[in-house]
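Printed here is input-v8.txt (compact mmCIF, N, CA and C atoms):
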# COMPACT_ATOMS: atom_id res chain seq x y z
N MET A 9 -16.56 4.53 -1.75
CA MET A 9 -16.10 4.58 -0.39
C MET A 9 -14.88 5.48 -0.24
N PHE A 10 -13.93 5.38 -1.15
CA PHE A 10 -12.70 6.16 -1.03
C PHE A 10 -12.79 7.41 -1.90
N GLU A 11 -12.17 8.50 -1.42
CA GLU A 11 -12.12 9.74 -2.18
C GLU A 11 -10.68 10.06 -2.54
N ILE A 12 -10.44 10.49 -3.76
CA ILE A 12 -9.10 10.88 -4.18
C ILE A 12 -8.64 12.05 -3.34
N GLY A 13 -7.43 11.95 -2.82
CA GLY A 13 -6.84 13.01 -2.01
C GLY A 13 -7.12 12.89 -0.52
N ALA A 14 -8.02 12.01 -0.13
CA ALA A 14 -8.32 11.83 1.30
C ALA A 14 -7.30 10.89 1.93
N SER A 15 -7.14 10.97 3.25
CA SER A 15 -6.23 10.09 3.98
C SER A 15 -7.01 8.97 4.65
N TYR A 16 -6.41 7.78 4.62
CA TYR A 16 -7.04 6.61 5.24
C TYR A 16 -5.99 5.87 6.05
N ALA A 17 -6.38 5.39 7.21
CA ALA A 17 -5.50 4.57 8.02
C ALA A 17 -5.41 3.18 7.39
N ARG A 18 -4.29 2.53 7.59
CA ARG A 18 -4.10 1.18 7.04
C ARG A 18 -5.24 0.25 7.47
N GLU A 19 -5.69 0.38 8.70
CA GLU A 19 -6.76 -0.48 9.20
C GLU A 19 -8.02 -0.33 8.37
N GLN A 20 -8.29 0.88 7.85
CA GLN A 20 -9.46 1.08 7.00
C GLN A 20 -9.31 0.32 5.67
N LEU A 21 -8.10 0.31 5.13
CA LEU A 21 -7.85 -0.42 3.89
C LEU A 21 -8.00 -1.92 4.12
N LEU A 22 -7.44 -2.40 5.24
CA LEU A 22 -7.53 -3.82 5.58
C LEU A 22 -8.99 -4.24 5.78
N GLU A 23 -9.75 -3.41 6.47
CA GLU A 23 -11.16 -3.72 6.71
C GLU A 23 -11.94 -3.77 5.40
N PHE A 24 -11.70 -2.81 4.52
CA PHE A 24 -12.38 -2.78 3.22
C PHE A 24 -12.12 -4.06 2.44
N ALA A 25 -10.86 -4.49 2.44
CA ALA A 25 -10.48 -5.69 1.67
C ALA A 25 -10.84 -6.98 2.39
N GLY A 26 -11.02 -6.92 3.71
CA GLY A 26 -11.25 -8.14 4.48
C GLY A 26 -9.94 -8.88 4.68
N SER A 27 -8.90 -8.14 5.03
CA SER A 27 -7.55 -8.70 5.13
C SER A 27 -6.96 -8.46 6.51
N LYS A 28 -6.02 -9.31 6.88
CA LYS A 28 -5.27 -9.15 8.14
C LYS A 28 -3.79 -8.91 7.86
N GLN A 29 -3.44 -8.60 6.61
CA GLN A 29 -2.05 -8.40 6.22
C GLN A 29 -1.51 -7.13 6.88
N GLN A 30 -0.49 -7.27 7.70
CA GLN A 30 0.02 -6.13 8.45
C GLN A 30 1.15 -5.39 7.75
N GLN A 31 1.97 -6.05 6.95
CA GLN A 31 3.15 -5.41 6.40
C GLN A 31 3.16 -5.36 4.88
N SER A 32 2.29 -6.03 4.25
CA SER A 32 2.30 -6.18 2.80
C SER A 32 1.94 -4.88 2.08
N GLY A 33 2.59 -4.63 0.95
CA GLY A 33 2.27 -3.48 0.12
C GLY A 33 1.13 -3.75 -0.84
N ILE A 34 0.77 -5.02 -1.02
CA ILE A 34 -0.34 -5.41 -1.86
C ILE A 34 -1.36 -6.11 -0.96
N ILE A 35 -2.56 -5.55 -0.90
CA ILE A 35 -3.58 -6.03 0.04
C ILE A 35 -4.75 -6.60 -0.75
N TRP A 36 -5.18 -7.79 -0.37
CA TRP A 36 -6.35 -8.41 -0.98
C TRP A 36 -7.10 -9.15 0.12
N GLY A 37 -8.35 -9.46 -0.14
CA GLY A 37 -9.12 -10.19 0.86
C GLY A 37 -10.49 -10.60 0.35
N ASP A 38 -11.22 -11.27 1.22
CA ASP A 38 -12.52 -11.84 0.87
C ASP A 38 -13.65 -10.81 0.79
N SER A 39 -13.53 -9.69 1.49
CA SER A 39 -14.62 -8.71 1.50
C SER A 39 -14.77 -7.98 0.17
N SER A 40 -13.67 -7.82 -0.55
CA SER A 40 -13.68 -7.12 -1.85
C SER A 40 -12.83 -7.89 -2.85
N PRO A 41 -13.26 -9.09 -3.24
CA PRO A 41 -12.44 -9.92 -4.12
C PRO A 41 -12.26 -9.35 -5.53
N GLU A 42 -13.05 -8.33 -5.86
CA GLU A 42 -12.95 -7.73 -7.20
C GLU A 42 -11.83 -6.70 -7.30
N CYS A 43 -11.17 -6.39 -6.17
CA CYS A 43 -10.11 -5.39 -6.22
C CYS A 43 -8.89 -5.83 -5.42
N VAL A 44 -7.81 -5.13 -5.68
CA VAL A 44 -6.57 -5.30 -4.93
C VAL A 44 -6.10 -3.89 -4.58
N ILE A 45 -5.60 -3.72 -3.36
CA ILE A 45 -5.12 -2.42 -2.91
C ILE A 45 -3.60 -2.44 -2.92
N VAL A 46 -3.02 -1.39 -3.49
CA VAL A 46 -1.57 -1.24 -3.54
C VAL A 46 -1.20 -0.01 -2.72
N THR A 47 -0.24 -0.17 -1.82
CA THR A 47 0.29 0.96 -1.08
C THR A 47 1.70 1.22 -1.58
N SER A 48 1.98 2.46 -1.91
CA SER A 48 3.25 2.82 -2.52
C SER A 48 3.99 3.83 -1.66
N GLY A 49 5.28 3.62 -1.52
CA GLY A 49 6.11 4.58 -0.81
C GLY A 49 6.32 4.22 0.64
N GLY A 50 6.82 5.17 1.38
CA GLY A 50 7.10 4.97 2.79
C GLY A 50 8.55 4.61 3.05
N ARG A 51 8.90 4.59 4.31
CA ARG A 51 10.28 4.35 4.72
C ARG A 51 10.79 2.97 4.31
N ALA A 52 9.98 1.94 4.44
CA ALA A 52 10.44 0.58 4.12
C ALA A 52 10.77 0.45 2.64
N ALA A 53 9.94 1.03 1.78
CA ALA A 53 10.19 0.96 0.34
C ALA A 53 11.49 1.68 -0.01
N LYS A 54 11.69 2.84 0.56
CA LYS A 54 12.90 3.61 0.28
C LYS A 54 14.15 2.86 0.74
N SER A 55 14.09 2.29 1.93
CA SER A 55 15.28 1.58 2.45
C SER A 55 15.55 0.30 1.67
N ALA A 56 14.52 -0.30 1.06
CA ALA A 56 14.70 -1.50 0.25
C ALA A 56 15.16 -1.16 -1.17
N GLY A 57 15.16 0.13 -1.50
CA GLY A 57 15.63 0.55 -2.81
C GLY A 57 14.55 0.64 -3.87
N TYR A 58 13.28 0.62 -3.49
CA TYR A 58 12.19 0.72 -4.45
C TYR A 58 11.76 2.16 -4.58
N ALA A 59 11.66 2.62 -5.79
CA ALA A 59 11.29 4.00 -6.05
C ALA A 59 10.05 4.03 -6.92
N ASP A 60 8.92 3.59 -6.37
CA ASP A 60 7.66 3.71 -7.10
C ASP A 60 7.49 5.18 -7.44
N ARG A 61 6.92 5.45 -8.62
CA ARG A 61 6.76 6.85 -9.00
C ARG A 61 5.64 7.01 -10.00
N GLN A 62 5.09 8.22 -9.99
CA GLN A 62 4.08 8.55 -10.98
C GLN A 62 4.79 9.06 -12.23
N ARG A 63 4.39 8.53 -13.36
CA ARG A 63 4.97 8.95 -14.65
C ARG A 63 4.29 10.24 -15.12
N SER A 64 4.89 10.88 -16.10
CA SER A 64 4.37 12.15 -16.60
C SER A 64 2.97 12.01 -17.21
N ASP A 65 2.62 10.80 -17.68
CA ASP A 65 1.29 10.59 -18.27
C ASP A 65 0.23 10.26 -17.22
N GLY A 66 0.62 10.24 -15.94
CA GLY A 66 -0.32 9.97 -14.86
C GLY A 66 -0.35 8.52 -14.41
N SER A 67 0.23 7.61 -15.19
CA SER A 67 0.28 6.20 -14.77
C SER A 67 1.37 6.04 -13.70
N TRP A 68 1.40 4.87 -13.08
CA TRP A 68 2.36 4.63 -11.99
C TRP A 68 3.32 3.51 -12.35
N GLU A 69 4.54 3.69 -11.93
CA GLU A 69 5.57 2.65 -12.02
C GLU A 69 5.66 2.05 -10.61
N TYR A 70 5.20 0.82 -10.49
CA TYR A 70 5.16 0.15 -9.18
C TYR A 70 6.06 -1.07 -9.24
N HIS A 71 6.90 -1.24 -8.24
CA HIS A 71 7.91 -2.29 -8.28
C HIS A 71 7.44 -3.65 -7.79
N GLY A 72 6.25 -3.76 -7.27
CA GLY A 72 5.74 -5.05 -6.83
C GLY A 72 6.09 -5.34 -5.39
N GLN A 73 5.64 -6.49 -4.92
CA GLN A 73 5.85 -6.88 -3.53
C GLN A 73 7.01 -7.85 -3.42
N GLY A 74 7.88 -7.58 -2.51
CA GLY A 74 9.04 -8.42 -2.27
C GLY A 74 10.06 -7.63 -1.46
N THR A 75 11.11 -8.31 -1.02
CA THR A 75 12.06 -7.63 -0.15
C THR A 75 13.29 -7.12 -0.87
N GLN A 76 13.57 -7.62 -2.07
CA GLN A 76 14.75 -7.13 -2.79
C GLN A 76 14.74 -7.57 -4.24
N GLY A 77 15.50 -6.85 -5.05
CA GLY A 77 15.69 -7.23 -6.45
C GLY A 77 14.44 -7.16 -7.30
N ASP A 78 14.55 -7.73 -8.50
CA ASP A 78 13.42 -7.77 -9.41
C ASP A 78 12.28 -8.57 -8.78
N GLN A 79 11.06 -8.12 -9.00
CA GLN A 79 9.90 -8.79 -8.42
C GLN A 79 9.36 -9.85 -9.37
N ASP A 80 8.98 -10.98 -8.83
CA ASP A 80 8.50 -12.11 -9.60
C ASP A 80 7.01 -11.95 -9.90
N PRO A 81 6.61 -11.78 -11.17
CA PRO A 81 5.20 -11.61 -11.50
C PRO A 81 4.38 -12.87 -11.23
N ALA A 82 5.02 -14.00 -11.01
CA ALA A 82 4.30 -15.24 -10.71
C ALA A 82 3.96 -15.34 -9.23
N ARG A 83 4.58 -14.54 -8.39
CA ARG A 83 4.26 -14.54 -6.96
C ARG A 83 2.80 -14.11 -6.81
N PHE A 84 2.06 -14.77 -5.94
CA PHE A 84 0.61 -14.58 -5.85
C PHE A 84 0.23 -13.10 -5.78
N SER A 85 0.80 -12.36 -4.86
CA SER A 85 0.39 -10.96 -4.68
C SER A 85 0.71 -10.13 -5.93
N ASN A 86 1.84 -10.36 -6.56
CA ASN A 86 2.17 -9.62 -7.79
C ASN A 86 1.29 -10.05 -8.95
N ARG A 87 0.94 -11.32 -8.99
CA ARG A 87 0.07 -11.83 -10.06
C ARG A 87 -1.30 -11.16 -10.00
N LEU A 88 -1.75 -10.79 -8.80
CA LEU A 88 -3.03 -10.08 -8.68
C LEU A 88 -3.01 -8.77 -9.46
N LEU A 89 -1.84 -8.18 -9.59
CA LEU A 89 -1.71 -6.91 -10.32
C LEU A 89 -1.62 -7.10 -11.82
N VAL A 90 -0.95 -8.16 -12.24
CA VAL A 90 -0.67 -8.32 -13.67
C VAL A 90 -1.69 -9.18 -14.41
N ASP A 91 -2.57 -9.88 -13.70
CA ASP A 91 -3.51 -10.75 -14.43
C ASP A 91 -4.68 -10.00 -15.05
N GLY A 92 -4.88 -8.73 -14.65
CA GLY A 92 -5.93 -7.91 -15.25
C GLY A 92 -7.34 -8.27 -14.83
N GLN A 93 -7.49 -9.06 -13.78
CA GLN A 93 -8.82 -9.52 -13.36
C GLN A 93 -9.42 -8.67 -12.24
N ARG A 94 -8.65 -7.79 -11.63
CA ARG A 94 -9.13 -7.00 -10.50
C ARG A 94 -8.89 -5.51 -10.74
N THR A 95 -9.72 -4.71 -10.14
CA THR A 95 -9.50 -3.27 -10.12
C THR A 95 -8.38 -2.99 -9.12
N VAL A 96 -7.45 -2.13 -9.47
CA VAL A 96 -6.33 -1.79 -8.59
C VAL A 96 -6.60 -0.42 -7.97
N LEU A 97 -6.60 -0.38 -6.65
CA LEU A 97 -6.74 0.87 -5.91
C LEU A 97 -5.36 1.24 -5.37
N LEU A 98 -4.82 2.39 -5.77
CA LEU A 98 -3.48 2.81 -5.37
C LEU A 98 -3.55 3.86 -4.28
N PHE A 99 -2.82 3.62 -3.21
CA PHE A 99 -2.70 4.57 -2.11
C PHE A 99 -1.22 4.86 -1.89
N THR A 100 -0.88 6.13 -1.78
CA THR A 100 0.50 6.49 -1.48
C THR A 100 0.65 6.71 0.02
N THR A 101 1.79 6.33 0.55
CA THR A 101 2.04 6.46 1.97
C THR A 101 2.35 7.91 2.30
N ARG A 102 1.75 8.38 3.35
CA ARG A 102 1.99 9.73 3.84
C ARG A 102 2.78 9.64 5.13
N GLU A 103 3.90 10.31 5.16
CA GLU A 103 4.69 10.36 6.39
C GLU A 103 3.97 11.25 7.39
N PRO A 104 4.04 10.93 8.67
CA PRO A 104 3.38 11.76 9.68
C PRO A 104 4.05 13.12 9.80
N THR A 105 3.27 14.13 10.15
CA THR A 105 3.83 15.45 10.40
C THR A 105 4.53 15.44 11.76
N ALA A 106 5.34 16.44 12.02
CA ALA A 106 6.05 16.54 13.31
C ALA A 106 5.06 16.59 14.46
N SER A 107 3.96 17.32 14.29
CA SER A 107 2.98 17.40 15.38
C SER A 107 2.28 16.06 15.60
N GLU A 108 2.04 15.29 14.54
CA GLU A 108 1.45 13.96 14.70
C GLU A 108 2.39 13.03 15.44
N VAL A 109 3.67 13.11 15.12
CA VAL A 109 4.65 12.27 15.81
C VAL A 109 4.70 12.63 17.29
N ARG A 110 4.69 13.92 17.60
CA ARG A 110 4.70 14.33 19.02
C ARG A 110 3.43 13.85 19.72
N GLU A 111 2.31 13.96 19.04
CA GLU A 111 1.03 13.58 19.62
C GLU A 111 0.95 12.08 19.88
N ILE A 112 1.46 11.31 18.96
CA ILE A 112 1.34 9.85 19.06
C ILE A 112 2.57 9.21 19.70
N SER A 113 3.68 9.91 19.70
CA SER A 113 4.93 9.55 20.35
C SER A 113 5.97 8.88 19.46
N SER A 114 5.57 8.24 18.37
CA SER A 114 6.58 7.67 17.50
C SER A 114 5.98 7.33 16.14
N TYR A 115 6.83 7.24 15.15
CA TYR A 115 6.38 6.89 13.80
C TYR A 115 5.72 5.52 13.79
N TRP A 116 6.27 4.56 14.50
CA TRP A 116 5.75 3.19 14.44
C TRP A 116 4.37 3.10 15.05
N THR A 117 4.09 3.88 16.05
CA THR A 117 2.73 3.92 16.59
C THR A 117 1.80 4.47 15.51
N PHE A 118 2.24 5.54 14.83
CA PHE A 118 1.44 6.16 13.77
C PHE A 118 1.18 5.14 12.66
N ALA A 119 2.21 4.40 12.27
CA ALA A 119 2.08 3.47 11.16
C ALA A 119 1.10 2.35 11.45
N LYS A 120 0.91 2.03 12.69
CA LYS A 120 0.00 0.93 13.07
C LYS A 120 -1.42 1.40 13.31
N ARG A 121 -1.67 2.71 13.25
CA ARG A 121 -3.02 3.24 13.49
C ARG A 121 -3.98 2.83 12.42
Is it possible to give me this structure as structure tokens?
Amino acid sequence: MFEIGASYAREQLLEFAGSKQQQSGIIWGDSSPECVIVTSGGRAAKSAGYADRQRSDGSWEYHGQGTQGDQDPARFSNRLLVDGQRTVLLFTTREPTASEVREISSYWTFAKR
């Protein structure tokens, strides 16, 4: 369903997973219980001090879901990543272009698309 390098709206990710999670960086749901979707980056992550990054070997350093400090691997959403039972689909957040912002009127409208 997903292609590397293609752009997807958050609603498409939520629909694929069968989830209604609006703000979470880790998405799971009943439609695709064999996988978990991780969204990395964006303004909220930067302002919270999380710097997810791709390592030189191609793997990713992901800080987990939470609002501050070290993330608890026992928290349900983080446990989905560390238990090794699901395929992890990683999506990086793309900031809107200036023309997209003008077209849609604001970043927050874009983020909810």
Quiz item: From the set A:Asp60, A:Thr101, A:Glu11, A:Cys43, which residue has the shortest atom-to-atom contact distance to Ala25 (chain A), counting all atoms listed in the file?
Solution: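 Counting all atoms listed in the file, the residue closest to Ala25 (chain A) is A:Cys43.
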Once you count only C-alpha atoms, which residues end up no further than 10 Å from (-5.3, 10.8, 0.1) in the file's frame, shown as a PDB file with N, CA and C atoms, in the frame of the given file?
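Result file part-v2.pdb:
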ATOM      1  N   PHE A  10     -13.930   5.380  -1.150  1.00  0.00           N
ATOM      2  CA  PHE A  10     -12.700   6.160  -1.030  1.00  0.00           C
ATOM      3  C   PHE A  10     -12.790   7.410  -1.900  1.00  0.00           C
ATOM      4  N   GLU A  11     -12.170   8.500  -1.420  1.00  0.00           N
ATOM      5  CA  GLU A  11     -12.120   9.740  -2.180  1.00  0.00           C
ATOM      6  C   GLU A  11     -10.680  10.060  -2.540  1.00  0.00           C
ATOM      7  N   ILE A  12     -10.440  10.490  -3.760  1.00  0.00           N
ATOM      8  CA  ILE A  12      -9.100  10.880  -4.180  1.00  0.00           C
ATOM      9  C   ILE A  12      -8.640  12.050  -3.340  1.00  0.00           C
ATOM     10  N   GLY A  13      -7.430  11.950  -2.820  1.00  0.00           N
ATOM     11  CA  GLY A  13      -6.840  13.010  -2.010  1.00  0.00           C
ATOM     12  C   GLY A  13      -7.120  12.890  -0.520  1.00  0.00           C
ATOM     13  N   ALA A  14      -8.020  12.010  -0.130  1.00  0.00           N
ATOM     14  CA  ALA A  14      -8.320  11.830   1.300  1.00  0.00           C
ATOM     15  C   ALA A  14      -7.300  10.890   1.930  1.00  0.00           C
ATOM     16  N   SER A  15      -7.140  10.970   3.250  1.00  0.00           N
ATOM     17  CA  SER A  15      -6.230  10.090   3.980  1.00  0.00           C
ATOM     18  C   SER A  15      -7.010   8.970   4.650  1.00  0.00           C
ATOM     19  N   TYR A  16      -6.410   7.780   4.620  1.00  0.00           N
ATOM     20  CA  TYR A  16      -7.040   6.610   5.240  1.00  0.00           C
ATOM     21  C   TYR A  16      -5.990   5.870   6.050  1.00  0.00           C
ATOM     22  N   LEU A  98      -4.820   2.390  -5.770  1.00  0.00           N
ATOM     23  CA  LEU A  98      -3.480   2.810  -5.370  1.00  0.00           C
ATOM     24  C   LEU A  98      -3.550   3.860  -4.280  1.00  0.00           C
ATOM     25  N   PHE A  99      -2.820   3.620  -3.210  1.00  0.00           N
ATOM     26  CA  PHE A  99      -2.700   4.570  -2.110  1.00  0.00           C
ATOM     27  C   PHE A  99      -1.220   4.860  -1.890  1.00  0.00           C
ATOM     28  N   THR A 100      -0.880   6.130  -1.780  1.00  0.00           N
ATOM     29  CA  THR A 100       0.500   6.490  -1.480  1.00  0.00           C
ATOM     30  C   THR A 100       0.650   6.710   0.020  1.00  0.00           C
ATOM     31  N   THR A 101       1.790   6.330   0.550  1.00  0.00           N
ATOM     32  CA  THR A 101       2.040   6.460   1.970  1.00  0.00           C
ATOM     33  C   THR A 101       2.350   7.910   2.300  1.00  0.00           C
ATOM     34  N   ARG A 102       1.750   8.380   3.350  1.00  0.00           N
ATOM     35  CA  ARG A 102       1.990   9.730   3.840  1.00  0.00           C
ATOM     36  C   ARG A 102       2.780   9.640   5.130  1.00  0.00           C
TER      37      ARG A 102
END
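Our summary of the geometry notes that CA of Pro81 (chain A) is positioned 29.0 Å from CA of Met9 (chain A).
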Self-check item: Atomic separation - CA of Arg61 (chain A) relative to CA of Gln93 (chain A), Å
Solution: 23.0 Å
Practice problem: Between CA of Gly37 (chain A) and CA of Leu22 (chain A), measure the distance and give it in Å to one decimal. | Solution: 8.1 Å
Practice problem: Name the residues of region 12-61 of chain A that fall into alpha helix (DSSP H) according to DSSP on the backbone, using the chain letters and numbers of this document, as a count of residues only. | Solution: 14
Practice problem: Can you check which residues of region 14-110 of chain A DSSP gives as strand (DSSP E) on the backbone and send them as a PyMOL selection string? | Solution: chain A and resi 34-35+43-48+61-62+68-69+95-100
If you keep N, CA and C atoms, can you produce a file of those selected residues as a PDB file, in the coordinates of the input?
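Printed below is again-v8.pdb as written:
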ATOM      1  N   ILE A  34       0.770  -5.020  -1.020  1.00  0.00           N
ATOM      2  CA  ILE A  34      -0.340  -5.410  -1.860  1.00  0.00           C
ATOM      3  C   ILE A  34      -1.360  -6.110  -0.960  1.00  0.00           C
ATOM      4  N   ILE A  35      -2.560  -5.550  -0.900  1.00  0.00           N
ATOM      5  CA  ILE A  35      -3.580  -6.030   0.040  1.00  0.00           C
ATOM      6  C   ILE A  35      -4.750  -6.600  -0.750  1.00  0.00           C
ATOM      7  N   CYS A  43     -11.170  -6.390  -6.170  1.00  0.00           N
ATOM      8  CA  CYS A  43     -10.110  -5.390  -6.220  1.00  0.00           C
ATOM      9  C   CYS A  43      -8.890  -5.830  -5.420  1.00  0.00           C
ATOM     10  N   VAL A  44      -7.810  -5.130  -5.680  1.00  0.00           N
ATOM     11  CA  VAL A  44      -6.570  -5.300  -4.930  1.00  0.00           C
ATOM     12  C   VAL A  44      -6.100  -3.890  -4.580  1.00  0.00           C
ATOM     13  N   ILE A  45      -5.600  -3.720  -3.360  1.00  0.00           N
ATOM     14  CA  ILE A  45      -5.120  -2.420  -2.910  1.00  0.00           C
ATOM     15  C   ILE A  45      -3.600  -2.440  -2.920  1.00  0.00           C
ATOM     16  N   VAL A  46      -3.020  -1.390  -3.490  1.00  0.00           N
ATOM     17  CA  VAL A  46      -1.570  -1.240  -3.540  1.00  0.00           C
ATOM     18  C   VAL A  46      -1.200  -0.010  -2.720  1.00  0.00           C
ATOM     19  N   THR A  47      -0.240  -0.170  -1.820  1.00  0.00           N
ATOM     20  CA  THR A  47       0.290   0.960  -1.080  1.00  0.00           C
ATOM     21  C   THR A  47       1.700   1.220  -1.580  1.00  0.00           C
ATOM     22  N   SER A  48       1.980   2.460  -1.910  1.00  0.00           N
ATOM     23  CA  SER A  48       3.250   2.820  -2.520  1.00  0.00           C
ATOM     24  C   SER A  48       3.990   3.830  -1.660  1.00  0.00           C
ATOM     25  N   ARG A  61       6.920   5.450  -8.620  1.00  0.00           N
ATOM     26  CA  ARG A  61       6.760   6.850  -9.000  1.00  0.00           C
ATOM     27  C   ARG A  61       5.640   7.010 -10.000  1.00  0.00           C
ATOM     28  N   GLN A  62       5.090   8.220  -9.990  1.00  0.00           N
ATOM     29  CA  GLN A  62       4.080   8.550 -10.980  1.00  0.00           C
ATOM     30  C   GLN A  62       4.790   9.060 -12.230  1.00  0.00           C
ATOM     31  N   TRP A  68       1.400   4.870 -13.080  1.00  0.00           N
ATOM     32  CA  TRP A  68       2.360   4.630 -11.990  1.00  0.00           C
ATOM     33  C   TRP A  68       3.320   3.510 -12.350  1.00  0.00           C
ATOM     34  N   GLU A  69       4.540   3.690 -11.930  1.00  0.00           N
ATOM     35  CA  GLU A  69       5.570   2.650 -12.020  1.00  0.00           C
ATOM     36  C   GLU A  69       5.660   2.050 -10.610  1.00  0.00           C
ATOM     37  N   THR A  95      -9.720  -4.710 -10.140  1.00  0.00           N
ATOM     38  CA  THR A  95      -9.500  -3.270 -10.120  1.00  0.00           C
ATOM     39  C   THR A  95      -8.380  -2.990  -9.120  1.00  0.00           C
ATOM     40  N   VAL A  96      -7.450  -2.130  -9.470  1.00  0.00           N
ATOM     41  CA  VAL A  96      -6.330  -1.790  -8.590  1.00  0.00           C
ATOM     42  C   VAL A  96      -6.600  -0.420  -7.970  1.00  0.00           C
ATOM     43  N   LEU A  97      -6.600  -0.380  -6.650  1.00  0.00           N
ATOM     44  CA  LEU A  97      -6.740   0.870  -5.910  1.00  0.00           C
ATOM     45  C   LEU A  97      -5.360   1.240  -5.370  1.00  0.00           C
ATOM     46  N   LEU A  98      -4.820   2.390  -5.770  1.00  0.00           N
ATOM     47  CA  LEU A  98      -3.480   2.810  -5.370  1.00  0.00           C
ATOM     48  C   LEU A  98      -3.550   3.860  -4.280  1.00  0.00           C
ATOM     49  N   PHE A  99      -2.820   3.620  -3.210  1.00  0.00           N
ATOM     50  CA  PHE A  99      -2.700   4.570  -2.110  1.00  0.00           C
ATOM     51  C   PHE A  99      -1.220   4.860  -1.890  1.00  0.00           C
ATOM     52  N   THR A 100      -0.880   6.130  -1.780  1.00  0.00           N
ATOM     53  CA  THR A 100       0.500   6.490  -1.480  1.00  0.00           C
ATOM     54  C   THR A 100       0.650   6.710   0.020  1.00  0.00           C
TER      55      THR A 100
END
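Between Asn86 (chain A) and the residues A:Val44, A:Ser67, A:Lys28, A:Gln20, the shortest atom-to-atom distance, using only C-alpha atoms, involves A:Val44.
With only N, CA and C atoms as the atoms that count, the minimum distance from Ile35 (chain A) to the choices A:Ser107, A:Gln62, A:Thr95, A:Thr47 is reached by A:Thr47.
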